[in-house]
>>> print(open('upload10.cif').read())   # mmCIF, C-alpha atoms and all ligand atoms
data_entry
loop_
_atom_site.group_PDB
_atom_site.id
_atom_site.type_symbol
_atom_site.label_atom_id
_atom_site.label_comp_id
_atom_site.auth_asym_id
_atom_site.auth_seq_id
_atom_site.Cartn_x
_atom_site.Cartn_y
_atom_site.Cartn_z
ATOM 1 C CA MET A 1 55.230 24.604 50.695
ATOM 2 C CA HIS A 2 52.083 22.512 50.350
ATOM 3 C CA ILE A 3 50.338 19.648 52.140
ATOM 4 C CA ILE A 4 50.964 16.194 50.664
ATOM 5 C CA ASP A 5 49.458 13.964 53.312
ATOM 6 C CA LYS A 6 47.775 13.842 56.682
ATOM 7 C CA ILE A 7 47.490 11.114 59.286
ATOM 8 C CA ARG A 8 44.757 10.965 61.905
ATOM 9 C CA SER A 9 45.257 9.634 65.416
ATOM 10 C CA LYS A 10 42.867 7.159 66.995
ATOM 11 C CA ASP A 11 42.180 9.797 69.634
ATOM 12 C CA GLY A 12 40.018 11.688 67.106
ATOM 13 C CA LYS A 13 41.547 15.070 67.880
ATOM 14 C CA THR A 14 45.167 14.825 66.681
ATOM 15 C CA GLN A 15 46.335 14.966 63.069
ATOM 16 C CA LYS A 16 49.822 15.076 61.633
ATOM 17 C CA PHE A 17 50.292 16.982 58.370
ATOM 18 C CA LEU A 18 53.147 16.291 55.990
ATOM 19 C CA GLN A 19 54.120 19.282 53.870
ATOM 20 C CA ILE A 20 56.725 19.578 51.192
ATOM 21 C CA THR A 21 59.082 22.452 50.477
ATOM 22 C CA GLU A 22 60.027 23.681 47.001
ATOM 23 C CA ASP A 23 63.299 21.746 47.266
ATOM 24 C CA LYS A 24 61.393 18.530 48.168
ATOM 25 C CA TYR A 25 61.945 18.255 51.882
ATOM 26 C CA ILE A 26 59.075 16.914 53.923
ATOM 27 C CA THR A 27 58.344 18.626 57.180
ATOM 28 C CA GLU A 28 55.762 17.651 59.776
ATOM 29 C CA THR A 29 53.244 19.702 61.713
ATOM 30 C CA THR A 30 50.963 18.422 64.460
ATOM 31 C CA PHE A 31 47.454 19.775 64.858
ATOM 32 C CA VAL A 32 45.352 19.030 67.938
ATOM 33 C CA ASP A 33 41.763 20.118 68.422
ATOM 34 C CA TYR A 34 41.591 20.818 72.167
ATOM 35 C CA SER A 35 39.507 23.572 73.775
ATOM 36 C CA LYS A 36 42.083 25.612 71.815
ATOM 37 C CA TYR A 37 43.626 24.659 68.485
ATOM 38 C CA LEU A 38 47.246 23.594 68.880
ATOM 39 C CA LEU A 39 49.581 23.856 65.902
ATOM 40 C CA CYS A 40 53.003 22.476 66.677
ATOM 41 C CA TYR A 41 55.250 23.449 63.770
ATOM 42 C CA SER A 42 58.853 22.861 62.744
ATOM 43 C CA SER A 43 61.606 25.478 62.460
ATOM 44 C CA GLN A 44 64.296 23.430 60.685
ATOM 45 C CA VAL A 45 64.558 20.528 58.242
ATOM 46 C CA GLY A 46 66.057 18.061 60.719
ATOM 47 C CA CYS A 47 67.994 19.269 63.734
ATOM 48 C CA PRO A 48 71.717 19.471 64.568
ATOM 49 C CA VAL A 49 71.311 19.328 68.366
ATOM 50 C CA ALA A 50 71.237 15.503 68.326
ATOM 51 C CA CYS A 51 69.174 14.839 71.459
ATOM 52 C CA SER A 52 69.158 11.135 72.251
ATOM 53 C CA PHE A 53 65.409 11.066 73.031
ATOM 54 C CA CYS A 54 64.343 12.585 69.689
ATOM 55 C CA TYR A 55 63.889 11.029 66.236
ATOM 56 C CA ASN A 56 65.828 13.834 64.544
ATOM 57 C CA GLY A 57 68.613 13.654 67.102
ATOM 58 C CA VAL A 58 69.060 9.912 66.692
ATOM 59 C CA ASN A 59 68.852 10.077 62.891
ATOM 60 C CA LYS A 60 71.125 13.127 62.591
ATOM 61 C CA ASN A 61 69.118 14.512 59.700
ATOM 62 C CA PHE A 62 69.827 18.249 59.783
ATOM 63 C CA THR A 63 69.603 19.785 56.313
ATOM 64 C CA ARG A 64 68.726 23.465 56.561
ATOM 65 C CA ASN A 65 66.754 26.147 58.358
ATOM 66 C CA LEU A 66 63.175 26.770 57.314
ATOM 67 C CA THR A 67 62.427 30.281 56.084
ATOM 68 C CA LYS A 68 59.940 32.604 57.740
ATOM 69 C CA ASN A 69 57.505 32.031 54.860
ATOM 70 C CA GLU A 70 57.806 28.256 55.173
ATOM 71 C CA MET A 71 57.041 28.380 58.887
ATOM 72 C CA VAL A 72 54.042 30.655 58.390
ATOM 73 C CA ALA A 73 52.791 28.504 55.470
ATOM 74 C CA GLN A 74 53.020 25.328 57.579
ATOM 75 C CA CYS A 75 50.391 26.834 59.868
ATOM 76 C CA THR A 76 48.211 28.757 57.411
ATOM 77 C CA ASN A 77 48.013 25.798 54.990
ATOM 78 C CA ILE A 78 46.574 23.631 57.759
ATOM 79 C CA ILE A 79 44.101 26.258 58.940
ATOM 80 C CA LYS A 80 42.866 26.685 55.337
ATOM 81 C CA HIS A 81 42.674 22.910 54.877
ATOM 82 C CA LEU A 82 40.469 22.195 57.917
ATOM 83 C CA ASP A 83 36.856 21.241 57.141
ATOM 84 C CA ILE A 84 35.667 23.122 60.176
ATOM 85 C CA PHE A 85 37.575 26.050 61.621
ATOM 86 C CA ASP A 86 35.994 27.933 64.478
ATOM 87 C CA LYS A 87 37.260 31.507 64.196
ATOM 88 C CA ASP A 88 36.350 32.167 67.837
ATOM 89 C CA LYS A 89 38.479 29.342 69.189
ATOM 90 C CA PRO A 90 41.959 30.447 70.328
ATOM 91 C CA ILE A 91 44.987 29.079 68.476
ATOM 92 C CA LYS A 92 48.183 28.091 70.222
ATOM 93 C CA PHE A 93 51.146 28.123 67.849
ATOM 94 C CA GLY A 94 53.985 25.997 69.196
ATOM 95 C CA CYS A 95 57.435 26.418 67.699
ATOM 96 C CA MET A 96 58.166 23.030 69.234
ATOM 97 C CA GLY A 97 58.301 20.621 66.307
ATOM 98 C CA VAL A 98 61.444 19.611 64.450
ATOM 99 C CA GLY A 99 64.389 21.961 64.969
ATOM 100 C CA GLU A 100 66.012 24.165 67.580
ATOM 101 C CA PRO A 101 64.406 27.621 67.184
ATOM 102 C CA LEU A 102 67.399 29.537 68.550
ATOM 103 C CA LEU A 103 69.553 28.203 65.686
ATOM 104 C CA ASN A 104 67.185 29.903 63.235
ATOM 105 C CA TYR A 105 66.381 32.890 65.403
ATOM 106 C CA GLU A 106 65.554 35.693 62.963
ATOM 107 C CA ASN A 107 63.283 33.572 60.776
ATOM 108 C CA VAL A 108 61.544 32.165 63.850
ATOM 109 C CA ILE A 109 60.864 35.608 65.340
ATOM 110 C CA ASP A 110 59.730 37.012 61.979
ATOM 111 C CA GLY A 111 57.401 34.006 61.567
ATOM 112 C CA ILE A 112 55.893 34.451 65.037
ATOM 113 C CA THR A 113 55.431 38.189 64.397
ATOM 114 C CA GLU A 114 53.603 37.497 61.128
ATOM 115 C CA LEU A 115 51.360 34.811 62.640
ATOM 116 C CA ASP A 116 50.572 37.183 65.501
ATOM 117 C CA LYS A 117 49.408 39.800 62.981
ATOM 118 C CA LYS A 118 47.345 37.281 60.990
ATOM 119 C CA TYR A 119 45.742 35.658 64.038
ATOM 120 C CA PRO A 120 45.432 38.261 66.802
ATOM 121 C CA HIS A 121 44.817 36.992 70.364
ATOM 122 C CA SER A 122 46.698 33.760 69.676
ATOM 123 C CA ILE A 123 49.044 32.107 72.140
ATOM 124 C CA PHE A 124 52.642 31.415 71.140
ATOM 125 C CA SER A 125 55.044 29.003 72.677
ATOM 126 C CA LEU A 126 58.643 28.204 71.917
ATOM 127 C CA ALA A 127 60.755 25.350 73.257
ATOM 128 C CA THR A 128 64.525 25.552 73.345
ATOM 129 C CA THR A 129 67.389 23.527 74.749
ATOM 130 C CA GLY A 130 68.998 26.918 75.421
ATOM 131 C CA VAL A 131 71.731 26.202 72.900
ATOM 132 C CA LYS A 132 72.340 29.930 72.330
ATOM 133 C CA PRO A 133 71.831 31.440 75.782
ATOM 134 C CA ASN A 134 72.944 34.886 74.626
ATOM 135 C CA LEU A 135 69.754 35.068 72.517
ATOM 136 C CA ILE A 136 67.412 34.572 75.471
ATOM 137 C CA PRO A 137 67.448 38.235 76.639
ATOM 138 C CA GLN A 138 66.940 39.241 73.001
ATOM 139 C CA LEU A 139 63.958 36.873 72.801
ATOM 140 C CA ALA A 140 62.500 38.429 75.947
ATOM 141 C CA LYS A 141 62.715 41.873 74.323
ATOM 142 C CA ASP A 142 61.306 40.666 70.994
ATOM 143 C CA ILE A 143 58.195 39.007 72.465
ATOM 144 C CA LYS A 144 57.639 41.395 75.385
ATOM 145 C CA ASP A 145 54.620 43.127 73.846
ATOM 146 C CA MET A 146 52.884 39.981 72.662
ATOM 147 C CA GLU A 147 49.594 39.130 74.320
ATOM 148 C CA ARG A 148 50.620 35.651 75.481
ATOM 149 C CA PHE A 149 53.956 33.901 75.019
ATOM 150 C CA ILE A 150 55.294 30.831 76.828
ATOM 151 C CA LEU A 151 58.990 29.943 76.837
ATOM 152 C CA THR A 152 59.942 26.365 77.634
ATOM 153 C CA PHE A 153 63.498 25.387 78.465
ATOM 154 C CA SER A 154 64.104 21.737 77.580
ATOM 155 C CA LEU A 155 66.047 20.821 80.718
ATOM 156 C CA HIS A 156 65.483 17.046 80.954
ATOM 157 C CA ALA A 157 68.245 16.455 83.504
ATOM 158 C CA SER A 158 69.104 17.441 87.035
ATOM 159 C CA ASN A 159 72.875 17.589 86.530
ATOM 160 C CA ASP A 160 75.248 18.557 83.730
ATOM 161 C CA GLU A 161 76.634 15.059 83.250
ATOM 162 C CA THR A 162 73.218 13.587 82.396
ATOM 163 C CA ARG A 163 72.208 16.626 80.372
ATOM 164 C CA LYS A 164 75.297 16.295 78.229
ATOM 165 C CA LYS A 165 74.417 12.676 77.450
ATOM 166 C CA LEU A 166 70.837 13.571 76.523
ATOM 167 C CA ILE A 167 71.567 16.840 74.705
ATOM 168 C CA PRO A 168 75.017 16.703 73.071
ATOM 169 C CA MET A 169 74.935 20.364 71.913
ATOM 170 C CA HIS A 170 75.005 21.119 75.577
ATOM 171 C CA GLN A 171 74.912 24.270 77.708
ATOM 172 C CA SER A 172 75.548 24.028 81.434
ATOM 173 C CA MET A 173 72.628 24.286 83.819
ATOM 174 C CA PHE A 174 74.302 27.318 85.383
ATOM 175 C CA THR A 175 74.266 29.027 81.979
ATOM 176 C CA LEU A 176 70.584 28.195 81.531
ATOM 177 C CA ARG A 177 69.758 29.488 85.001
ATOM 178 C CA ASP A 178 71.494 32.763 84.201
ATOM 179 C CA ALA A 179 69.675 33.067 80.854
ATOM 180 C CA ALA A 180 66.307 32.297 82.479
ATOM 181 C CA ASN A 181 66.846 34.946 85.153
ATOM 182 C CA LYS A 182 67.752 37.524 82.522
ATOM 183 C CA TYR A 183 64.576 36.564 80.633
ATOM 184 C CA LYS A 184 62.447 36.981 83.756
ATOM 185 C CA ASN A 185 63.994 40.391 84.443
ATOM 186 C CA ILE A 186 62.835 41.628 81.041
ATOM 187 C CA THR A 187 59.397 40.056 80.645
ATOM 188 C CA ASN A 188 56.614 38.671 82.843
ATOM 189 C CA HIS A 189 55.600 36.111 80.240
ATOM 190 C CA GLU A 190 55.243 32.509 81.375
ATOM 191 C CA MET A 191 58.302 30.267 81.476
ATOM 192 C CA CYS A 192 58.734 26.622 82.413
ATOM 193 C CA TRP A 193 61.339 23.847 82.609
ATOM 194 C CA ASN A 194 60.504 20.756 80.603
ATOM 195 C CA TYR A 195 61.669 17.486 82.151
ATOM 196 C CA VAL A 196 60.920 14.227 80.335
ATOM 197 C CA LEU A 197 61.069 11.381 82.844
ATOM 198 C CA LEU A 198 63.251 8.548 81.503
ATOM 199 C CA ASP A 199 63.576 5.156 83.106
ATOM 200 C CA GLY A 200 66.841 4.827 85.022
ATOM 201 C CA VAL A 201 68.247 8.038 83.531
ATOM 202 C CA ASN A 202 66.771 10.983 85.419
ATOM 203 C CA ASP A 203 63.989 9.554 87.606
ATOM 204 C CA SER A 204 65.744 8.829 90.933
ATOM 205 C CA ASP A 205 65.320 10.431 94.376
ATOM 206 C CA LYS A 206 68.742 12.044 93.848
ATOM 207 C CA ASN A 207 67.462 13.607 90.632
ATOM 208 C CA VAL A 208 64.505 15.168 92.485
ATOM 209 C CA GLN A 209 66.893 16.607 95.057
ATOM 210 C CA GLU A 210 69.218 18.029 92.388
ATOM 211 C CA LEU A 211 66.292 19.426 90.444
ATOM 212 C CA SER A 212 64.877 21.151 93.495
ATOM 213 C CA ASP A 213 68.324 22.622 94.267
ATOM 214 C CA PHE A 214 68.435 24.028 90.739
ATOM 215 C CA LEU A 215 64.939 25.526 90.724
ATOM 216 C CA GLU A 216 64.125 28.915 92.159
ATOM 217 C CA LYS A 217 60.970 30.400 93.651
ATOM 218 C CA GLY A 218 58.348 30.919 90.947
ATOM 219 C CA ASP A 219 59.759 28.238 88.629
ATOM 220 C CA THR A 220 57.402 25.666 87.107
ATOM 221 C CA VAL A 221 58.309 22.187 85.878
ATOM 222 C CA LYS A 222 56.526 20.571 82.953
ATOM 223 C CA LEU A 223 56.830 16.874 83.776
ATOM 224 C CA THR A 224 56.553 15.086 80.453
ATOM 225 C CA HIS A 225 55.768 11.488 79.572
ATOM 226 C CA TYR A 226 58.258 10.190 77.012
ATOM 227 C CA SER A 227 57.098 9.507 73.443
ATOM 228 C CA PRO A 228 59.141 6.482 72.277
ATOM 229 C CA ILE A 229 61.128 6.651 69.050
ATOM 230 C CA MET A 230 62.665 4.014 66.823
ATOM 231 C CA GLY A 231 66.417 3.667 67.186
ATOM 232 C CA SER A 232 66.613 4.633 70.856
ATOM 233 C CA ASN A 233 66.770 2.367 73.899
ATOM 234 C CA LEU A 234 65.354 5.044 76.166
ATOM 235 C CA LYS A 235 62.119 4.201 77.946
ATOM 236 C CA SER A 236 59.548 6.197 79.823
ATOM 237 C CA ALA A 237 59.850 6.132 83.625
ATOM 238 C CA THR A 238 57.589 3.491 85.148
ATOM 239 C CA GLN A 239 54.223 4.584 86.508
ATOM 240 C CA ASP A 240 55.478 4.013 90.060
ATOM 241 C CA LYS A 241 58.580 6.139 89.472
ATOM 242 C CA PHE A 242 56.516 8.867 87.837
ATOM 243 C CA LYS A 243 54.138 8.906 90.798
ATOM 244 C CA LYS A 244 56.987 8.980 93.305
ATOM 245 C CA PHE A 245 58.759 11.770 91.424
ATOM 246 C CA LYS A 246 55.575 13.855 91.524
ATOM 247 C CA GLU A 247 55.050 13.168 95.243
ATOM 248 C CA MET A 248 58.600 14.262 96.026
ATOM 249 C CA LEU A 249 58.217 17.455 93.976
ATOM 250 C CA GLU A 250 55.004 18.149 95.854
ATOM 251 C CA LYS A 251 56.697 17.639 99.213
ATOM 252 C CA LYS A 252 59.406 20.085 98.228
ATOM 253 C CA GLY A 253 56.759 22.642 97.259
ATOM 254 C CA ILE A 254 57.796 22.694 93.601
ATOM 255 C CA GLU A 255 55.187 23.870 91.097
ATOM 256 C CA PHE A 256 54.732 21.335 88.331
ATOM 257 C CA TYR A 257 52.211 20.010 85.883
ATOM 258 C CA GLU A 258 52.091 16.693 84.048
ATOM 259 C CA PHE A 259 52.094 16.530 80.255
ATOM 260 C CA ASN A 260 51.334 13.413 78.271
ATOM 261 C CA PRO A 261 51.581 14.240 74.544
ATOM 262 C CA ASP A 262 48.741 13.184 72.254
ATOM 263 C CA GLY A 263 49.224 11.516 68.882
ATOM 264 C CA LYS A 264 51.917 9.008 69.890
ATOM 265 C CA ASP A 265 50.165 6.366 67.712
ATOM 266 C CA ILE A 266 50.920 8.468 64.602
ATOM 267 C CA ASN A 267 54.386 9.605 65.772
ATOM 268 C CA ALA A 268 53.131 13.097 66.423
ATOM 269 C CA GLY A 269 54.271 13.297 70.057
ATOM 270 C CA CYS A 270 57.242 15.272 71.399
ATOM 271 C CA GLY A 271 60.447 14.175 69.674
ATOM 272 C CA GLN A 272 58.582 11.896 67.252
ATOM 273 C CA MET A 273 57.935 14.322 64.397
ATOM 274 C CA ALA A 274 60.391 13.857 61.545
ATOM 275 C CA ALA A 275 61.978 15.609 58.595
ATOM 276 C CA ARG A 276 63.214 13.843 55.466
ATOM 277 C CA LYS A 277 63.816 14.199 51.749
ATOM 278 C CA GLN A 278 60.800 13.337 49.606
ATOM 279 C CA VAL A 279 61.188 10.083 47.716
ATOM 280 C CA ILE A 280 57.806 8.862 46.502
ATOM 281 C CA CYS A 281 54.627 10.878 46.362
ATOM 282 C CA ASP A 282 54.001 14.421 45.206
ATOM 283 C CA LYS A 283 50.273 14.702 45.289
ATOM 284 C CA GLU A 284 48.564 17.839 46.521
ATOM 285 C CA ILE A 285 45.495 17.358 48.711
HETATM 286 S S1 LIG A 301 64.556 17.484 70.814
HETATM 287 FE FE1 LIG A 301 64.451 19.415 69.673
HETATM 288 S S2 LIG A 301 66.520 20.241 69.882
HETATM 289 FE FE2 LIG A 301 66.680 18.071 70.389
HETATM 290 S S3 LIG A 301 67.234 17.047 68.445
HETATM 291 FE FE3 LIG A 301 64.984 17.001 68.654
HETATM 292 S S4 LIG A 301 64.265 18.765 67.527
HETATM 293 FE FE4 LIG A 301 66.449 19.080 67.954
#
>>> encode(input="upload10.cif", output="structure tokens", more="lines below")
Ligand code: SF4
Amino acid sequence: MHIIDKIRSKDGKTQKFLQITEDKYITETTFVDYSKYLLCYSSQVGCPVACSFCYNGVNKNFTRNLTKNEMVAQCTNIIKHLDIFDKDKPIKFGCMGVGEPLLNYENVIDGITELDKKYPHSIFSLATTGVKPNLIPQLAKDIKDMERFILTFSLHASNDETRKKLIPMHQSMFTLRDAANKYKNITNHEMCWNYVLLDGVNDSDKNVQELSDFLEKGDTVKLTHYSPIMGSNLKSATQDKFKKFKEMLEKKGIEFYEFNPDGKDINAGCGQMAARKQVICDKEI
């Protein structure tokens, strides 16, 4: 695995790295220089979950799982490549790029364990649609002793009918609730529910009501701005709808925070990162 290209965002802090595997698949990793370093890396070449709001879902490009070594190399290659790397600045490793981590569970956990050893005091986060709910208690046990770990459930809907349309490899919300509660019984690590607000899909008053019925005390919602992708008609909720949704959550006393991904101009936002077979260049930088 080595870096073949990098693209810089206009924002000056986000870069997307393209890296190639031995068998010539290109995988993407997003790096953002915040008050912490964020490295959002991929766990699969493509993804079989087929979410309708994601480039890899729409393009149905699943090829194979990435190995532990490939996942670790994605991150270490970038850290070595940076002109300036402040060793005192915390790193957040996000297993949130291309792929569904629970479909490649052992490699993902081994990769996180190795990165944790290499970069002590780092923060780890993992996002899952919950496609294999039986692995969630196992995950809780496996990461229990880590310093800081954040689990994000990609919920994105307030009812099963909508969720099924958005995430075809679907698990019911009841199943997710059960898995989340088992997780919380095993570990105190942070957990949140990611909800990308989509125009006319999941942004109504009824959706707020359903969402609040689903959530339990202590739950947090990550309210995400959509990153548009080619080949999908989905659009971000309007500013007015976003504002109203937030106001209604507030009124209901639901904990939430807003997340607007950086790097949308270079397709480095959530759901925009891609995987594909290499066709042209093979230069090492
Ligand atoms: S959003 Fe995640 S789980 Fe869904 S298709 Fe994209 S990479 Fe896969």
>>> residues_around(input="upload10.cif", residues="Gly111 (chain A)", least_positions_apart="3", cutoff="10 Å", atoms="only C-alpha atoms", output="NGL selection string")
:A and (43 or 67-73 or 95 or 105-108 or 114-117)
>>> residues_near_point(input="upload10.cif", point="(61.7, 25.5, 52.0)", cutoff="12 Å", atoms="only C-alpha atoms", output="list in words")
Met1, His2, Gln19, Ile20, Thr21, Glu22, Asp23, Lys24, Tyr25, Ile26, Thr27, Ser42, Ser43, Gln44, Val45, Thr63, Arg64, Asn65, Leu66, Thr67, Lys68, Asn69, Glu70, Met71, Val72, Ala73, Gln74, Ala275 and Lys277 of chain A
>>> resolve_selection(input="upload10.cif", expression="the PyMOL selection byres (((chain A and resi 5) around 7) and not hetatm)", output="list in words")
Ile3, Ile4, Lys6, Ile7, Phe17, Leu18 and Ile285 of chain A
>>> residues_near_point(input="upload10.cif", point="(51.2, 29.6, 70.5)", cutoff="8 Å", atoms="all atoms listed in the file", output="number ranges by chain")
A: 38-39, 91-95, 122-126, 148-150
>>> closest_residue(input="upload10.cif", among="A:Asp240, A:Tyr195, A:His156, A:Ala140", to="Ala179 (chain A)", atoms="all atoms listed in the file")
A:Ala140
